[in-house]
Amino acid sequence: MCKEMNIEDYLVEFLLHIRKNRGYSAETVRGYETDLRQFVEFMKAELETDTIYPSDVDIVALRHYFFSLYRTGYSAATLVRKKAALSSFGKFLCQNGVIEVNYAAYIDIPRGEKRLPTILSLPEIFSLLSIEFEDTPAGRRDRAILELLYDTGMRISEVAGLTLKDVDLSAGEIKVIGKGKKQRFVPVGRELRSALENYLSVRGELAHSEDIDHLFLSRRGHPLEVRSIRRIVEKYLSLATDKEATPHSLRHTFATHMLEQGASLVAIKELLGHASLSTTQIYTHLDLAHLKEVYKKAHPHS
């Protein structure tokens, strides 16, 4: 690397690095880029210049930046995320000999209280999956996506990446490429099989080219992107529940319902594609929260 490069040139190399070498998803890379470019624009305004160099960034500048975010009203969780992006970028610059100290790693951000994710109840799930979908290729596609998210706990980025060859209905399994390009297989239940068969029988009406092998296609025949899947799922969630639910809520709901029905954390870890069991252990807290709610409603002394 050339040390005369400005910070935006290094940023381009960093984003390429985490996509190619670290296996980060396109959505994650976009998130890193948004957070890092926000910092670059802040530094340009502070220094009244169009060009920022890595040497311009020190502990004072970083503290000033995070204080300005705090005053603006950003949540603790968002500040932690932005710090993580800057720290990863700083580590990359250190490893390549551009800077000597990764100052971002020394910024202290209060984490605040950790909120448990939104979980849908069984009645809400039944309501969601009982919606009368249009009997069109797009309607069948939407139902298959919802069944897939709840029945398997997949991330929407993983759903967007599915291809036809990943789905083996005869074997009753789907191959999933998760974070870090790690591969796992998830089972296909009865309802999901039915929804996928109904969609696959009309998928050809959406496909304008045999060269496109993605499973889920838009009305124009293009592979559905993450943002499109998110919009589709959020539309139906708004019809089924008043909770602030997101597509990721279906992943949390899948894991929680599995735990409530007696599945082990190890099994849930494998199905979700978590790298560590400690990540899966959040669902023990969710299950406890559920039990407390049941207790409050049922026990006469609660």
# chains A, B, ... in the order shown; residues from 1 in each chain; ligands from 1
>>> residues_around(residues="A:Asn6", least_positions_apart="4", cutoff="7 Å", atoms="only C-alpha atoms", output="ChimeraX atom specification")
/A:10,51-54
>>> write_last_selection(atoms="C-alpha atoms", output="CSV table (one decimal), in the first residue's frame")
chain,number,residue,atom,x,y,z
A,10,TYR,CA,-8.0,2.8,2.0
A,51,THR,CA,-9.3,15.1,1.6
A,52,ILE,CA,-8.7,13.2,4.8
A,53,TYR,CA,-5.6,11.1,5.6
A,54,PRO,CA,-5.2,8.3,8.2
>>> residues_around(residues="A:Ser87", least_positions_apart="4", cutoff="6 Å", atoms="only C-alpha atoms", output="JSON list (two decimals) with C-alpha atoms, in the first residue's frame")
[["chain", "number", "residue", "atom", "x", "y", "z"],
["A", 83, "LYS", "CA", -17.27, 2.07, 16.95],
["A", 104, "ALA", "CA", -10.80, 3.54, 17.70],
["A", 105, "ALA", "CA", -10.14, 0.45, 19.81]]
>>> residues_around(residues="A:Leu271", least_positions_apart="3", cutoff="8 Å", atoms="only C-alpha atoms", output="list in words")
Thr152, Gly153, Arg184, Phe185, Val186, Ala267 and Ile268 of chain A
>>> residues_around(residues="A:Leu129", least_positions_apart="6", cutoff="9 Å", atoms="only C-alpha atoms", output="PDB file with N, CA and C atoms, in the first residue's frame")
ATOM      1  N   ARG A 143     -45.523 -16.501   0.127  1.00  0.00           N
ATOM      2  CA  ARG A 143     -45.858 -17.490   1.153  1.00  0.00           C
ATOM      3  C   ARG A 143     -44.672 -18.417   1.417  1.00  0.00           C
ATOM      4  N   LEU A 146     -42.105 -16.650   3.661  1.00  0.00           N
ATOM      5  CA  LEU A 146     -42.513 -16.587   5.065  1.00  0.00           C
ATOM      6  C   LEU A 146     -42.393 -17.944   5.741  1.00  0.00           C
ATOM      7  N   GLU A 147     -42.837 -19.000   5.054  1.00  0.00           N
ATOM      8  CA  GLU A 147     -42.714 -20.348   5.607  1.00  0.00           C
ATOM      9  C   GLU A 147     -41.240 -20.696   5.823  1.00  0.00           C
ATOM     10  N   ALA A 240     -50.266  -9.149  10.571  1.00  0.00           N
ATOM     11  CA  ALA A 240     -50.426 -10.249  11.528  1.00  0.00           C
ATOM     12  C   ALA A 240     -50.199  -9.850  12.979  1.00  0.00           C
TER      13      ALA A 240
END
>>> residues_around(residues="A:Lys175", least_positions_apart="5", cutoff="12 Å", atoms="only C-alpha atoms", output="PDB file with N, CA and C atoms, in the first residue's frame")
ATOM      1  N   THR A 152     -37.264 -22.494   9.261  1.00  0.00           N
ATOM      2  CA  THR A 152     -35.840 -22.826   9.288  1.00  0.00           C
ATOM      3  C   THR A 152     -34.999 -21.858  10.106  1.00  0.00           C
ATOM      4  N   MET A 154     -33.735 -19.126   8.976  1.00  0.00           N
ATOM      5  CA  MET A 154     -32.707 -18.554   8.112  1.00  0.00           C
ATOM      6  C   MET A 154     -32.698 -17.034   8.170  1.00  0.00           C
ATOM      7  N   GLU A 158     -29.484 -15.058   3.689  1.00  0.00           N
ATOM      8  CA  GLU A 158     -29.324 -16.449   3.273  1.00  0.00           C
ATOM      9  C   GLU A 158     -30.441 -16.855   2.324  1.00  0.00           C
ATOM     10  N   VAL A 159     -31.650 -16.365   2.592  1.00  0.00           N
ATOM     11  CA  VAL A 159     -32.779 -16.645   1.703  1.00  0.00           C
ATOM     12  C   VAL A 159     -32.524 -16.040   0.324  1.00  0.00           C
ATOM     13  N   GLY A 161     -29.771 -15.583  -1.095  1.00  0.00           N
ATOM     14  CA  GLY A 161     -28.688 -16.285  -1.790  1.00  0.00           C
ATOM     15  C   GLY A 161     -29.035 -17.687  -2.249  1.00  0.00           C
ATOM     16  N   LEU A 162     -30.207 -18.204  -1.899  1.00  0.00           N
ATOM     17  CA  LEU A 162     -30.568 -19.572  -2.277  1.00  0.00           C
ATOM     18  C   LEU A 162     -30.695 -19.732  -3.792  1.00  0.00           C
ATOM     19  N   THR A 163     -30.216 -20.860  -4.295  1.00  0.00           N
ATOM     20  CA  THR A 163     -30.390 -21.199  -5.699  1.00  0.00           C
ATOM     21  C   THR A 163     -31.234 -22.461  -5.803  1.00  0.00           C
ATOM     22  N   LEU A 164     -31.649 -22.775  -7.010  1.00  0.00           N
ATOM     23  CA  LEU A 164     -32.492 -23.958  -7.223  1.00  0.00           C
ATOM     24  C   LEU A 164     -31.798 -25.232  -6.762  1.00  0.00           C
ATOM     25  N   LYS A 165     -30.510 -25.324  -7.012  1.00  0.00           N
ATOM     26  CA  LYS A 165     -29.798 -26.561  -6.663  1.00  0.00           C
ATOM     27  C   LYS A 165     -29.596 -26.715  -5.157  1.00  0.00           C
ATOM     28  N   ASP A 166     -29.826 -25.635  -4.401  1.00  0.00           N
ATOM     29  CA  ASP A 166     -29.698 -25.719  -2.944  1.00  0.00           C
ATOM     30  C   ASP A 166     -30.898 -26.421  -2.305  1.00  0.00           C
ATOM     31  N   VAL A 167     -32.002 -26.478  -3.024  1.00  0.00           N
ATOM     32  CA  VAL A 167     -33.244 -27.036  -2.485  1.00  0.00           C
ATOM     33  C   VAL A 167     -33.410 -28.467  -2.978  1.00  0.00           C
ATOM     34  N   ASP A 168     -33.385 -29.423  -2.070  1.00  0.00           N
ATOM     35  CA  ASP A 168     -33.550 -30.835  -2.404  1.00  0.00           C
ATOM     36  C   ASP A 168     -34.782 -31.356  -1.665  1.00  0.00           C
ATOM     37  N   LEU A 169     -35.948 -31.230  -2.309  1.00  0.00           N
ATOM     38  CA  LEU A 169     -37.187 -31.641  -1.660  1.00  0.00           C
ATOM     39  C   LEU A 169     -37.276 -33.156  -1.510  1.00  0.00           C
ATOM     40  N   LYS A 181     -19.303 -17.702   4.686  1.00  0.00           N
ATOM     41  CA  LYS A 181     -19.450 -18.758   3.664  1.00  0.00           C
ATOM     42  C   LYS A 181     -19.503 -20.158   4.286  1.00  0.00           C
ATOM     43  N   LYS A 182     -19.931 -20.238   5.546  1.00  0.00           N
ATOM     44  CA  LYS A 182     -20.069 -21.542   6.187  1.00  0.00           C
ATOM     45  C   LYS A 182     -21.344 -22.227   5.704  1.00  0.00           C
ATOM     46  N   GLN A 183     -21.225 -23.501   5.435  1.00  0.00           N
ATOM     47  CA  GLN A 183     -22.339 -24.265   4.867  1.00  0.00           C
ATOM     48  C   GLN A 183     -23.036 -25.099   5.946  1.00  0.00           C
ATOM     49  N   ARG A 184     -24.360 -25.114   5.875  1.00  0.00           N
ATOM     50  CA  ARG A 184     -25.129 -25.994   6.755  1.00  0.00           C
ATOM     51  C   ARG A 184     -26.370 -26.472   6.002  1.00  0.00           C
ATOM     52  N   PHE A 185     -27.029 -27.473   6.555  1.00  0.00           N
ATOM     53  CA  PHE A 185     -28.259 -28.000   5.953  1.00  0.00           C
ATOM     54  C   PHE A 185     -29.393 -27.859   6.953  1.00  0.00           C
ATOM     55  N   VAL A 186     -30.540 -27.411   6.477  1.00  0.00           N
ATOM     56  CA  VAL A 186     -31.721 -27.290   7.335  1.00  0.00           C
ATOM     57  C   VAL A 186     -32.816 -28.191   6.773  1.00  0.00           C
ATOM     58  N   PRO A 187     -33.622 -28.789   7.656  1.00  0.00           N
ATOM     59  CA  PRO A 187     -34.675 -29.702   7.194  1.00  0.00           C
ATOM     60  C   PRO A 187     -35.876 -28.961   6.621  1.00  0.00           C
ATOM     61  N   VAL A 188     -36.615 -29.650   5.755  1.00  0.00           N
ATOM     62  CA  VAL A 188     -37.825 -29.102   5.150  1.00  0.00           C
ATOM     63  C   VAL A 188     -39.033 -29.804   5.757  1.00  0.00           C
ATOM     64  N   LEU A 271     -28.832 -25.362  13.631  1.00  0.00           N
ATOM     65  CA  LEU A 271     -29.868 -24.945  12.688  1.00  0.00           C
ATOM     66  C   LEU A 271     -29.738 -23.472  12.321  1.00  0.00           C
ATOM     67  N   GLY A 273     -26.889 -21.783  12.437  1.00  0.00           N
ATOM     68  CA  GLY A 273     -25.590 -21.502  11.847  1.00  0.00           C
ATOM     69  C   GLY A 273     -24.741 -20.581  12.696  1.00  0.00           C
TER      70      GLY A 273
END
>>> atom_distance(atom1="atom CA of A:Leu250", atom2="atom CA of A:Glu205")
28.2 Å
